[in-house]
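Data block for entry_12.cif (mmCIF, C-alpha atoms):
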data_work
loop_
_atom_site.group_PDB
_atom_site.id
_atom_site.type_symbol
_atom_site.label_atom_id
_atom_site.label_comp_id
_atom_site.auth_asym_id
_atom_site.auth_seq_id
_atom_site.Cartn_x
_atom_site.Cartn_y
_atom_site.Cartn_z
ATOM 1 C CA MET A 20 -43.018 159.649 -130.848
ATOM 2 C CA ILE A 21 -43.260 156.470 -132.871
ATOM 3 C CA ALA A 22 -40.290 156.020 -135.216
ATOM 4 C CA ASP A 23 -40.921 155.975 -138.968
ATOM 5 C CA LEU A 24 -40.446 152.678 -140.800
ATOM 6 C CA THR A 25 -40.893 151.941 -144.494
ATOM 7 C CA GLU A 26 -41.327 148.189 -144.698
ATOM 8 C CA GLY A 27 -44.581 146.965 -146.188
ATOM 9 C CA ARG A 28 -46.384 143.729 -145.541
ATOM 10 C CA GLN A 29 -44.255 140.624 -145.212
ATOM 11 C CA ILE A 30 -45.215 137.287 -146.793
ATOM 12 C CA ILE A 31 -44.151 134.149 -144.973
ATOM 13 C CA SER A 32 -44.605 130.574 -146.043
ATOM 14 C CA LEU A 33 -47.065 128.452 -144.145
ATOM 15 C CA THR A 34 -47.089 125.432 -146.438
ATOM 16 C CA CYS A 35 -45.942 124.790 -149.964
ATOM 17 C CA SER A 36 -49.353 125.789 -151.324
ATOM 18 C CA GLN A 37 -50.505 128.456 -148.839
ATOM 19 C CA ARG A 38 -49.209 131.937 -148.079
ATOM 20 C CA ARG A 39 -50.610 134.716 -145.939
ATOM 21 C CA PHE A 40 -49.783 138.311 -145.160
ATOM 22 C CA ILE A 41 -48.173 139.182 -141.835
ATOM 23 C CA MET A 42 -48.786 142.732 -140.660
ATOM 24 C CA LYS A 43 -46.388 143.737 -137.916
ATOM 25 C CA ILE A 44 -47.783 146.213 -135.408
ATOM 26 C CA SER A 45 -45.052 148.752 -136.178
ATOM 27 C CA GLN A 46 -45.824 148.631 -139.897
ATOM 28 C CA CYS A 47 -49.542 149.177 -139.323
ATOM 29 C CA VAL A 48 -48.879 152.066 -136.961
ATOM 30 C CA ILE A 49 -46.639 153.831 -139.484
ATOM 31 C CA HIS A 50 -49.246 153.565 -142.235
ATOM 32 C CA PHE A 51 -51.906 154.746 -139.805
ATOM 33 C CA PHE A 52 -49.966 157.841 -138.723
ATOM 34 C CA ASN A 53 -48.995 158.747 -142.274
ATOM 35 C CA TYR A 54 -52.712 159.025 -142.950
ATOM 36 C CA GLN A 55 -53.783 160.653 -139.678
ATOM 37 C CA ARG A 56 -51.191 163.449 -139.777
ATOM 38 C CA MET A 57 -52.989 164.868 -142.799
ATOM 39 C CA ASN A 58 -56.527 164.407 -141.522
ATOM 40 C CA VAL A 59 -56.847 165.071 -137.778
ATOM 41 C CA LYS A 60 -56.124 167.886 -135.334
ATOM 42 C CA LYS A 61 -52.998 168.003 -133.170
ATOM 43 C CA ASN A 62 -54.842 167.048 -129.990
ATOM 44 C CA THR A 63 -56.398 164.000 -131.657
ATOM 45 C CA LEU A 64 -52.999 163.015 -133.018
ATOM 46 C CA ARG A 65 -51.497 163.233 -129.535
ATOM 47 C CA ASN A 66 -54.258 160.968 -128.211
ATOM 48 C CA TYR A 67 -53.480 158.433 -130.929
ATOM 49 C CA GLU A 68 -49.764 158.625 -130.108
ATOM 50 C CA PHE A 69 -50.455 157.924 -126.445
ATOM 51 C CA ILE A 70 -52.633 154.876 -127.015
ATOM 52 C CA LEU A 71 -50.537 153.349 -129.815
ATOM 53 C CA ASP A 72 -47.187 153.927 -128.104
ATOM 54 C CA ASN A 73 -48.537 152.013 -125.118
ATOM 55 C CA PHE A 74 -50.065 149.418 -127.449
ATOM 56 C CA GLN A 75 -46.697 148.698 -129.054
ATOM 57 C CA ASN A 76 -44.906 148.612 -125.716
ATOM 58 C CA HIS A 77 -47.474 146.162 -124.360
ATOM 59 C CA PHE A 78 -47.566 143.698 -127.272
ATOM 60 C CA GLY A 79 -44.186 144.204 -128.919
ATOM 61 C CA ASP A 80 -43.829 144.008 -132.693
ATOM 62 C CA ILE A 81 -45.981 140.946 -133.274
ATOM 63 C CA ASP A 82 -48.402 140.079 -136.061
ATOM 64 C CA LEU A 83 -51.420 142.352 -135.556
ATOM 65 C CA SER A 84 -53.838 139.620 -136.632
ATOM 66 C CA SER A 85 -52.773 137.429 -133.701
ATOM 67 C CA ILE A 86 -54.301 139.836 -131.173
ATOM 68 C CA THR A 87 -57.655 138.660 -129.787
ATOM 69 C CA SER A 88 -60.539 140.343 -127.998
ATOM 70 C CA GLU A 89 -59.227 138.872 -124.738
ATOM 71 C CA ASP A 90 -55.866 140.529 -125.418
ATOM 72 C CA ILE A 91 -57.613 143.856 -125.993
ATOM 73 C CA LEU A 92 -59.466 143.486 -122.699
ATOM 74 C CA GLY A 93 -56.188 142.905 -120.864
ATOM 75 C CA PHE A 94 -54.530 145.894 -122.537
ATOM 76 C CA MET A 95 -57.485 148.220 -121.928
ATOM 77 C CA SER A 96 -57.677 147.164 -118.281
ATOM 78 C CA MET A 97 -53.998 147.991 -117.898
ATOM 79 C CA ILE A 98 -54.012 151.325 -119.737
ATOM 80 C CA SER A 99 -57.251 152.634 -118.231
ATOM 81 C CA ASP A 100 -57.036 151.435 -114.638
ATOM 82 C CA GLY A 101 -58.238 154.191 -112.333
ATOM 83 C CA THR A 102 -59.463 156.488 -115.116
ATOM 84 C CA LYS A 103 -62.968 157.842 -115.619
ATOM 85 C CA GLN A 104 -65.446 155.924 -117.775
ATOM 86 C CA ASN A 105 -65.387 158.551 -120.523
ATOM 87 C CA THR A 106 -61.576 158.274 -120.692
ATOM 88 C CA LYS A 107 -61.897 154.503 -121.075
ATOM 89 C CA LYS A 108 -64.447 155.039 -123.836
ATOM 90 C CA LEU A 109 -62.159 157.475 -125.657
ATOM 91 C CA ARG A 110 -59.151 155.159 -125.558
ATOM 92 C CA PHE A 111 -61.210 152.194 -126.697
ATOM 93 C CA SER A 112 -62.604 154.280 -129.575
ATOM 94 C CA LEU A 113 -59.089 155.300 -130.649
ATOM 95 C CA LEU A 114 -57.948 151.685 -130.658
ATOM 96 C CA THR A 115 -61.067 150.632 -132.571
ATOM 97 C CA ALA A 116 -60.365 153.301 -135.197
ATOM 98 C CA PHE A 117 -56.825 151.970 -135.621
ATOM 99 C CA PHE A 118 -58.020 148.421 -136.263
ATOM 100 C CA ASN A 119 -60.740 149.676 -138.622
ATOM 101 C CA PHE A 120 -58.091 151.565 -140.599
ATOM 102 C CA VAL A 121 -56.006 148.412 -140.939
ATOM 103 C CA LYS A 122 -59.023 146.432 -142.117
ATOM 104 C CA ASN A 123 -60.256 149.068 -144.577
ATOM 105 C CA SER A 124 -56.911 150.229 -145.955
ATOM 106 C CA LEU A 125 -54.247 147.571 -145.449
ATOM 107 C CA ASP A 126 -55.734 144.110 -145.069
ATOM 108 C CA HIS A 127 -59.391 143.593 -145.953
ATOM 109 C CA ASP A 128 -59.292 140.042 -144.599
ATOM 110 C CA SER A 129 -58.243 141.099 -141.104
ATOM 111 C CA GLN A 130 -60.636 141.149 -138.151
ATOM 112 C CA ASN A 131 -61.110 143.921 -135.609
ATOM 113 C CA PRO A 132 -60.763 142.396 -132.115
ATOM 114 C CA CYS A 133 -62.424 145.512 -130.678
ATOM 115 C CA ASP A 134 -65.592 144.604 -132.561
ATOM 116 C CA ASN A 135 -66.913 142.625 -129.634
ATOM 117 C CA GLN A 136 -70.225 143.190 -127.885
ATOM 118 C CA GLY A 137 -68.778 142.605 -124.438
ATOM 119 C CA LEU A 138 -65.956 145.083 -124.994
ATOM 120 C CA ARG A 139 -68.276 147.717 -126.447
ATOM 121 C CA LYS A 140 -70.553 147.398 -123.438
ATOM 122 C CA LEU A 141 -67.673 147.514 -120.974
ATOM 123 C CA PHE A 142 -66.085 150.612 -122.499
ATOM 124 C CA ARG A 143 -69.154 152.575 -123.504
ATOM 125 C CA ALA A 144 -69.496 156.160 -122.363
ATOM 126 C CA ALA A 145 -70.954 156.940 -118.969
ATOM 127 C CA LYS A 146 -74.381 158.486 -118.920
ATOM 128 C CA LEU A 147 -73.985 162.247 -118.993
ATOM 129 C CA ALA A 148 -75.376 164.099 -116.016
ATOM 130 C CA GLN A 149 -77.416 167.153 -116.913
ATOM 131 C CA PRO A 150 -74.942 170.054 -116.707
ATOM 132 C CA LYS A 151 -75.644 172.763 -114.188
ATOM 133 C CA VAL A 152 -76.547 176.086 -115.748
ATOM 134 C CA LEU A 153 -76.081 179.265 -113.761
ATOM 135 C CA GLU A 154 -78.787 181.865 -114.278
ATOM 136 C CA LYS A 155 -77.794 185.405 -115.204
ATOM 137 C CA ASP A 156 -78.850 186.979 -111.926
ATOM 138 C CA VAL A 157 -76.713 184.470 -109.999
ATOM 139 C CA VAL A 158 -73.642 185.143 -112.142
ATOM 140 C CA ASP A 159 -74.170 188.902 -111.922
ATOM 141 C CA GLU A 160 -74.396 188.653 -108.132
ATOM 142 C CA ILE A 161 -71.225 186.537 -107.976
ATOM 143 C CA ILE A 162 -69.302 189.105 -110.018
ATOM 144 C CA PHE A 163 -70.791 192.087 -108.167
ATOM 145 C CA ARG A 164 -69.830 190.676 -104.758
ATOM 146 C CA THR A 165 -66.246 189.937 -105.841
ATOM 147 C CA GLN A 166 -64.334 193.015 -104.649
ATOM 148 C CA ASN A 167 -60.821 191.992 -105.702
ATOM 149 C CA GLN A 168 -60.209 193.601 -109.099
ATOM 150 C CA ARG A 169 -58.045 190.775 -110.423
ATOM 151 C CA ASN A 170 -60.489 188.074 -109.391
ATOM 152 C CA ARG A 171 -63.450 189.967 -110.817
ATOM 153 C CA LEU A 172 -61.738 190.363 -114.185
ATOM 154 C CA MET A 173 -61.014 186.639 -114.335
ATOM 155 C CA LEU A 174 -64.651 185.835 -113.559
ATOM 156 C CA GLU A 175 -65.868 188.249 -116.239
ATOM 157 C CA LEU A 176 -63.568 186.877 -118.919
ATOM 158 C CA MET A 177 -65.009 183.408 -118.320
ATOM 159 C CA ALA A 178 -68.653 184.405 -117.794
ATOM 160 C CA ARG A 179 -68.922 187.205 -120.379
ATOM 161 C CA SER A 180 -66.501 186.114 -123.096
ATOM 162 C CA GLY A 181 -66.725 182.323 -122.684
ATOM 163 C CA MET A 182 -62.993 181.882 -122.123
ATOM 164 C CA ARG A 183 -61.582 178.736 -120.571
ATOM 165 C CA VAL A 184 -59.719 179.183 -117.287
ATOM 166 C CA GLY A 185 -56.470 178.054 -118.931
ATOM 167 C CA GLU A 186 -56.909 180.663 -121.653
ATOM 168 C CA VAL A 187 -57.454 183.394 -119.064
ATOM 169 C CA LEU A 188 -54.311 182.392 -117.174
ATOM 170 C CA LYS A 189 -52.162 182.534 -120.338
ATOM 171 C CA LEU A 190 -53.243 186.044 -121.356
ATOM 172 C CA ARG A 191 -50.551 188.727 -121.707
ATOM 173 C CA PRO A 192 -50.976 192.453 -122.384
ATOM 174 C CA MET A 193 -49.584 191.944 -125.885
ATOM 175 C CA ASP A 194 -52.519 189.585 -126.548
ATOM 176 C CA ILE A 195 -55.122 192.315 -125.951
ATOM 177 C CA GLU A 196 -56.083 194.208 -129.105
ATOM 178 C CA ASP A 197 -58.906 196.687 -128.526
ATOM 179 C CA ARG A 198 -61.878 194.384 -127.692
ATOM 180 C CA LYS A 199 -60.162 191.178 -128.771
ATOM 181 C CA ALA A 200 -58.093 188.720 -126.741
ATOM 182 C CA ILE A 201 -55.709 186.661 -128.860
ATOM 183 C CA ILE A 202 -55.494 183.129 -127.509
ATOM 184 C CA ARG A 203 -52.180 181.506 -128.345
ATOM 185 C CA ASP A 204 -51.882 177.730 -128.791
ATOM 186 C CA PRO A 205 -55.596 177.076 -128.142
ATOM 187 C CA LYS A 206 -57.186 173.717 -127.362
ATOM 188 C CA SER A 207 -58.299 173.327 -130.999
ATOM 189 C CA GLY A 208 -54.704 172.922 -132.149
ATOM 190 C CA LYS A 209 -54.807 176.094 -134.237
ATOM 191 C CA GLU A 210 -51.997 178.618 -134.017
ATOM 192 C CA ALA A 211 -54.309 181.201 -132.433
ATOM 193 C CA GLU A 212 -57.976 182.063 -131.811
ATOM 194 C CA VAL A 213 -59.819 185.249 -130.891
ATOM 195 C CA ALA A 214 -62.103 185.839 -127.913
ATOM 196 C CA PHE A 215 -64.240 188.985 -128.077
ATOM 197 C CA LEU A 216 -64.618 191.151 -124.975
ATOM 198 C CA PRO A 217 -67.515 193.371 -123.899
ATOM 199 C CA GLN A 218 -66.447 197.020 -123.991
ATOM 200 C CA LYS A 219 -66.584 197.520 -120.203
ATOM 201 C CA VAL A 220 -64.570 194.359 -119.565
ATOM 202 C CA ALA A 221 -61.966 195.403 -122.139
ATOM 203 C CA ASP A 222 -61.683 198.862 -120.549
ATOM 204 C CA ARG A 223 -61.279 197.444 -117.035
ATOM 205 C CA LEU A 224 -58.717 194.937 -118.253
ATOM 206 C CA ARG A 225 -56.554 197.649 -119.847
ATOM 207 C CA SER A 226 -56.831 199.781 -116.700
ATOM 208 C CA TYR A 227 -55.750 196.820 -114.576
ATOM 209 C CA ILE A 228 -52.733 196.201 -116.831
ATOM 210 C CA ARG A 229 -51.765 199.878 -116.735
ATOM 211 C CA GLU A 230 -52.245 200.350 -112.988
ATOM 212 C CA ASN A 231 -50.213 197.225 -112.176
ATOM 213 C CA GLU A 232 -47.516 198.075 -114.762
ATOM 214 C CA ILE A 233 -47.649 194.601 -116.260
ATOM 215 C CA LYS A 234 -45.037 194.150 -118.988
ATOM 216 C CA PRO A 235 -46.315 193.299 -122.500
ATOM 217 C CA ASP A 236 -44.963 189.737 -122.469
ATOM 218 C CA ALA A 237 -45.808 188.951 -118.817
ATOM 219 C CA ARG A 238 -48.882 187.017 -117.758
ATOM 220 C CA ILE A 239 -51.713 189.248 -116.615
ATOM 221 C CA PHE A 240 -52.868 186.652 -114.090
ATOM 222 C CA PRO A 241 -49.758 184.741 -112.905
ATOM 223 C CA LEU A 242 -51.674 182.077 -111.002
ATOM 224 C CA THR A 243 -51.843 178.285 -111.014
ATOM 225 C CA TYR A 244 -54.928 176.360 -112.144
ATOM 226 C CA ALA A 245 -55.560 175.343 -108.532
ATOM 227 C CA ALA A 246 -55.488 178.968 -107.378
ATOM 228 C CA ALA A 247 -57.856 180.033 -110.183
ATOM 229 C CA ARG A 248 -60.318 177.251 -109.361
ATOM 230 C CA LEU A 249 -60.236 178.284 -105.701
ATOM 231 C CA ILE A 250 -61.001 181.890 -106.654
ATOM 232 C CA VAL A 251 -64.058 180.738 -108.608
ATOM 233 C CA LYS A 252 -65.177 178.448 -105.794
ATOM 234 C CA LYS A 253 -64.896 181.200 -103.184
ATOM 235 C CA ALA A 254 -66.786 183.607 -105.439
ATOM 236 C CA GLY A 255 -69.624 181.089 -105.695
ATOM 237 C CA ASN A 256 -69.643 180.636 -101.939
ATOM 238 C CA LEU A 257 -70.545 184.322 -101.606
ATOM 239 C CA VAL A 258 -74.010 183.452 -102.941
ATOM 240 C CA SER A 259 -74.075 179.884 -101.583
ATOM 241 C CA VAL A 260 -73.601 178.254 -105.003
ATOM 242 C CA HIS A 261 -70.959 175.680 -105.905
ATOM 243 C CA VAL A 262 -69.237 177.021 -109.019
ATOM 244 C CA ARG A 263 -66.431 175.669 -111.173
ATOM 245 C CA PRO A 264 -64.614 177.648 -113.912
ATOM 246 C CA HIS A 265 -66.321 175.706 -116.695
ATOM 247 C CA ASP A 266 -69.741 176.547 -115.246
ATOM 248 C CA LEU A 267 -69.030 180.185 -116.117
ATOM 249 C CA ARG A 268 -68.113 179.308 -119.704
ATOM 250 C CA ARG A 269 -71.282 177.214 -119.992
ATOM 251 C CA HIS A 270 -73.285 180.138 -118.618
ATOM 252 C CA ALA A 271 -71.850 182.421 -121.318
ATOM 253 C CA ALA A 272 -73.059 180.026 -124.016
ATOM 254 C CA THR A 273 -76.471 179.344 -122.509
ATOM 255 C CA TYR A 274 -77.216 182.981 -121.766
ATOM 256 C CA ALA A 275 -76.240 184.001 -125.309
ATOM 257 C CA SER A 276 -78.404 181.259 -126.814
ATOM 258 C CA ARG A 277 -81.445 182.068 -124.678
ATOM 259 C CA SER A 278 -81.047 185.754 -125.529
ATOM 260 C CA GLY A 279 -81.586 184.959 -129.190
ATOM 261 C CA THR A 280 -77.986 184.749 -130.409
ATOM 262 C CA PRO A 281 -77.808 182.361 -133.400
ATOM 263 C CA LEU A 282 -76.306 178.998 -132.542
ATOM 264 C CA GLU A 283 -73.620 179.491 -135.191
ATOM 265 C CA ILE A 284 -72.420 182.651 -133.420
ATOM 266 C CA VAL A 285 -72.456 180.969 -130.019
ATOM 267 C CA SER A 286 -70.481 178.051 -131.442
ATOM 268 C CA LYS A 287 -67.961 179.735 -133.727
ATOM 269 C CA VAL A 288 -67.462 183.108 -132.018
ATOM 270 C CA LEU A 289 -68.185 182.709 -128.308
ATOM 271 C CA LEU A 290 -67.065 179.129 -127.641
ATOM 272 C CA ARG A 291 -64.884 178.667 -130.743
ATOM 273 C CA HIS A 292 -66.039 175.089 -131.313
ATOM 274 C CA SER A 293 -65.292 173.276 -134.557
ATOM 275 C CA ASN A 294 -68.811 171.831 -134.828
ATOM 276 C CA LEU A 295 -72.280 172.664 -133.592
ATOM 277 C CA SER A 296 -72.869 169.321 -131.867
ATOM 278 C CA THR A 297 -70.168 170.160 -129.307
ATOM 279 C CA THR A 298 -71.867 173.488 -128.592
ATOM 280 C CA GLN A 299 -75.263 171.865 -128.180
ATOM 281 C CA ARG A 300 -73.909 169.720 -125.365
ATOM 282 C CA TYR A 301 -72.958 172.912 -123.515
ATOM 283 C CA LEU A 302 -76.423 174.365 -123.573
ATOM 284 C CA GLY A 303 -78.524 173.521 -120.566
ATOM 285 C CA LYS A 304 -81.895 171.822 -120.669
ATOM 286 C CA ILE A 305 -84.735 174.242 -121.304
ATOM 287 C CA SER A 306 -87.185 174.360 -118.389
ATOM 288 C CA ASP A 307 -90.947 174.506 -118.894
ATOM 289 C CA VAL A 308 -90.973 178.120 -117.672
ATOM 290 C CA GLU A 309 -88.261 179.078 -120.173
ATOM 291 C CA ALA A 310 -90.045 177.279 -122.998
ATOM 292 C CA MET A 311 -93.341 179.059 -122.274
ATOM 293 C CA ARG A 312 -91.578 182.419 -122.076
ATOM 294 C CA TRP A 313 -90.170 181.926 -125.578
ATOM 295 C CA ILE A 314 -93.537 180.824 -126.911
ATOM 296 C CA ASP A 315 -95.055 184.020 -125.487
ATOM 297 C CA ASN A 316 -92.263 186.082 -127.044
ATOM 298 C CA LEU A 317 -92.885 184.491 -130.417
ATOM 299 C CA HIS A 318 -96.671 184.721 -130.420
ATOM 300 C CA GLY A 319 -97.469 187.365 -127.816
#
Show this structure as structure tokens.
Amino acid sequence: MIADLTEGRQIISLTCSQRRFIMKISQCVIHFFNYQRMNVKKNTLRNYEFILDNFQNHFGDIDLSSITSEDILGFMSMISDGTKQNTKKLRFSLLTAFFNFVKNSLDHDSQNPCDNQGLRKLFRAAKLAQPKVLEKDVVDEIIFRTQNQRNRLMLELMARSGMRVGEVLKLRPMDIEDRKAIIRDPKSGKEAEVAFLPQKVADRLRSYIRENEIKPDARIFPLTYAAARLIVKKAGNLVSVHVRPHDLRRHAATYASRSGTPLEIVSKVLLRHSNLSTTQRYLGKISDVEAMRWIDNLHG
């Protein structure tokens, strides 16, 4: 964590008749975090901490205005070597936001070295591939063919309730309340969230807990992420489809949307997203057949 400092801007003499403000990196970072702690989520704050801790370690506590676009290129190449394009884009965006904050709030005369056409082009997001959407009959067949009770429950929690694989793996009996699964320390940064379970899934889950005598504070599915991903992959192989855990969560959203569930419910209840634009990226592209079916439903 970056240590708190209280010094403001320092004025140093350049000539007898000219003075300018010197903004040390550490000073700018402290001001930036004092603002961000009150305005962003925990996950976003952690991302800022990662990039700015490395930024300070790379440049030292020099005058922020002395950093050039070429310096930014060198730093970004170092910090993002071997990462995916979208990770590079995220880190560049975080650094850009930091410099914009300095310019808008601390020193209006400063320049943003990230505001460079070459850098923006180099660290822009990769083109998103159209996400694969599993149709309901495929998902039903995958679940039906999965004979292991534990594995089937995990598949249903992801495909029916839209839970992330990490959320499924953290579940404990004490987190199950009737048809609700309480998700502790969720991705959103909130203290807890609620996933709603279909009645049959909730009944089977309680039976599984009871039959296996799982203690209230023990994990229901004490597996690693790698083991859970392998379970999903093998389940997909039963119907000759390559499936990842997140494909099941995406299916839950797309199936609900195409069944007429309002987007707000899909977003806030099923996926627990903070904004609708995130949910819309989950929903698969509507095929011509699907579009015509809805037109017929509306005007048939």
Residues returned when the PyMOL selection byres ((chain A and resi 252) around 12) runs on this file, as a list in words: Ile161, Thr165, Asn170, Leu174, Ala245, Ala246, Ala247, Arg248, Leu249, Ile250, Val251, Lys253, Ala254, Gly255, Asn256, Leu257, Val258, Ser259, Val260, His261, Val262, Arg263, Pro264, His265, Asp266 and Leu267 of chain A
Since we have the selection now, will you write its residues out, keeping C-alpha atoms, as a PDB file, in the frame of the given file?
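So the final result, stored in selection17.pdb, reads:
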ATOM      1  CA  ILE A 161     -71.225 186.537-107.976  1.00  0.00           C
ATOM      2  CA  THR A 165     -66.246 189.937-105.841  1.00  0.00           C
ATOM      3  CA  ASN A 170     -60.489 188.074-109.391  1.00  0.00           C
ATOM      4  CA  LEU A 174     -64.651 185.835-113.559  1.00  0.00           C
ATOM      5  CA  ALA A 245     -55.560 175.343-108.532  1.00  0.00           C
ATOM      6  CA  ALA A 246     -55.488 178.968-107.378  1.00  0.00           C
ATOM      7  CA  ALA A 247     -57.856 180.033-110.183  1.00  0.00           C
ATOM      8  CA  ARG A 248     -60.318 177.251-109.361  1.00  0.00           C
ATOM      9  CA  LEU A 249     -60.236 178.284-105.701  1.00  0.00           C
ATOM     10  CA  ILE A 250     -61.001 181.890-106.654  1.00  0.00           C
ATOM     11  CA  VAL A 251     -64.058 180.738-108.608  1.00  0.00           C
ATOM     12  CA  LYS A 253     -64.896 181.200-103.184  1.00  0.00           C
ATOM     13  CA  ALA A 254     -66.786 183.607-105.439  1.00  0.00           C
ATOM     14  CA  GLY A 255     -69.624 181.089-105.695  1.00  0.00           C
ATOM     15  CA  ASN A 256     -69.643 180.636-101.939  1.00  0.00           C
ATOM     16  CA  LEU A 257     -70.545 184.322-101.606  1.00  0.00           C
ATOM     17  CA  VAL A 258     -74.010 183.452-102.941  1.00  0.00           C
ATOM     18  CA  SER A 259     -74.075 179.884-101.583  1.00  0.00           C
ATOM     19  CA  VAL A 260     -73.601 178.254-105.003  1.00  0.00           C
ATOM     20  CA  HIS A 261     -70.959 175.680-105.905  1.00  0.00           C
ATOM     21  CA  VAL A 262     -69.237 177.021-109.019  1.00  0.00           C
ATOM     22  CA  ARG A 263     -66.431 175.669-111.173  1.00  0.00           C
ATOM     23  CA  PRO A 264     -64.614 177.648-113.912  1.00  0.00           C
ATOM     24  CA  HIS A 265     -66.321 175.706-116.695  1.00  0.00           C
ATOM     25  CA  ASP A 266     -69.741 176.547-115.246  1.00  0.00           C
ATOM     26  CA  LEU A 267     -69.030 180.185-116.117  1.00  0.00           C
TER      27      LEU A 267
END
Residues matched by the PyMOL selection byres ((chain A and resi 213-224) around 8) as a list in words: Leu172, Glu175, Leu176, Arg179, Ser180, Gly181, Met182, Asp197, Arg198, Lys199, Ala200, Ile201, Ile202, Ala211, Glu212, Arg225, Ser226, Tyr227, Ile228, Val288 and Leu289 of chain A
The PyMOL selection byres ((chain A and resi 90-97) around 12) resolved against shown file, as an MDAnalysis selection string: chainID A and resid 70:71 73:78 83:89 98:102 104 106:115 118 131:142
Interatomic distance, atom CA of Arg268 of chain A to atom CA of Lys189 of chain A (Å, one decimal): 16.3 Å
Atomic distance atom CA of Thr280 of chain A - atom CA of Arg164 of chain A, expressed in Å with one decimal: 27.6 Å
Long-range neighbours of Tyr54 of chain A as a PyMOL selection string, 12 Å cut-off, all atoms listed in the file, 4 positions minimum in chain: chain A and resi 47-50+58-59+64+117+120-121+124-125
Point-to-point distance from atom CA of Val184 of chain A to atom CA of Phe240 of chain A, Å rounded to tenths: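 Interatomic distance, atom CA of Val184 of chain A to atom CA of Phe240 of chain A: 10.6 Å.
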Best match for closeness to Asn231 of chain A among A:Ala271, A:Pro205, A:Arg169, A:Glu186, counting only C-alpha atoms: A:Arg169
Sel. within 10 Å of pt (-67.7, 180.2, -133.5), counting only C-alpha atoms, output as a list in words: Val213, Ala214, Leu282, Glu283, Ile284, Val285, Ser286, Lys287, Val288, Leu289, Leu290, Arg291, His292, Ser293, Asn294, Leu295 and Thr298 of chain A
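Comparing A:Lys60, A:Pro192, A:Met42, A:Glu154 by their smallest distance to Lys122 of chain A, the closest is A:Met42 (using only C-alpha atoms).
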Selected residue of minimal separation from Ser278 of chain A among A:Ala237, A:Val187, A:Lys155, A:Arg229, counting all atoms listed in the file: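 For Ser278 of chain A, the nearest of the given residues is A:Lys155.
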Dump segment 154-166 of chain A with N, CA and C atoms to a file, as a CSV table (one decimal), in the first residue's frame.
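What landed in result-v7.csv:
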chain,number,residue,atom,x,y,z
A,154,GLU,N,-27.1,-23.1,-26.3
A,154,GLU,CA,-28.6,-23.2,-26.3
A,154,GLU,C,-29.1,-24.0,-25.2
A,155,LYS,N,-30.4,-23.8,-24.8
A,155,LYS,CA,-31.0,-24.5,-23.7
A,155,LYS,C,-30.9,-26.0,-23.8
A,156,ASP,N,-31.3,-26.5,-24.9
A,156,ASP,CA,-31.3,-28.0,-25.1
A,156,ASP,C,-29.9,-28.6,-24.9
A,157,VAL,N,-28.8,-27.9,-25.3
A,157,VAL,CA,-27.5,-28.3,-25.1
A,157,VAL,C,-27.1,-28.3,-23.6
A,158,VAL,N,-27.5,-27.3,-22.9
A,158,VAL,CA,-27.2,-27.2,-21.4
A,158,VAL,C,-28.0,-28.2,-20.7
A,159,ASP,N,-29.2,-28.4,-21.0
A,159,ASP,CA,-30.1,-29.4,-20.4
A,159,ASP,C,-29.5,-30.8,-20.6
A,160,GLU,N,-29.0,-31.1,-21.8
A,160,GLU,CA,-28.4,-32.4,-22.1
A,160,GLU,C,-27.1,-32.6,-21.3
A,161,ILE,N,-26.3,-31.5,-21.2
A,161,ILE,CA,-25.1,-31.6,-20.4
A,161,ILE,C,-25.4,-32.0,-18.9
A,162,ILE,N,-26.3,-31.3,-18.3
A,162,ILE,CA,-26.7,-31.5,-17.0
A,162,ILE,C,-27.3,-32.9,-16.8
A,163,PHE,N,-28.2,-33.3,-17.7
A,163,PHE,CA,-28.9,-34.6,-17.6
A,163,PHE,C,-27.9,-35.7,-17.7
A,164,ARG,N,-26.8,-35.6,-18.5
A,164,ARG,CA,-25.9,-36.7,-18.7
A,164,ARG,C,-24.8,-36.7,-17.5
A,165,THR,N,-24.8,-35.7,-16.7
A,165,THR,CA,-23.8,-35.7,-15.6
A,165,THR,C,-24.4,-36.4,-14.4
A,166,GLN,N,-23.9,-37.6,-14.2
A,166,GLN,CA,-24.4,-38.5,-13.1
A,166,GLN,C,-24.0,-38.2,-11.7
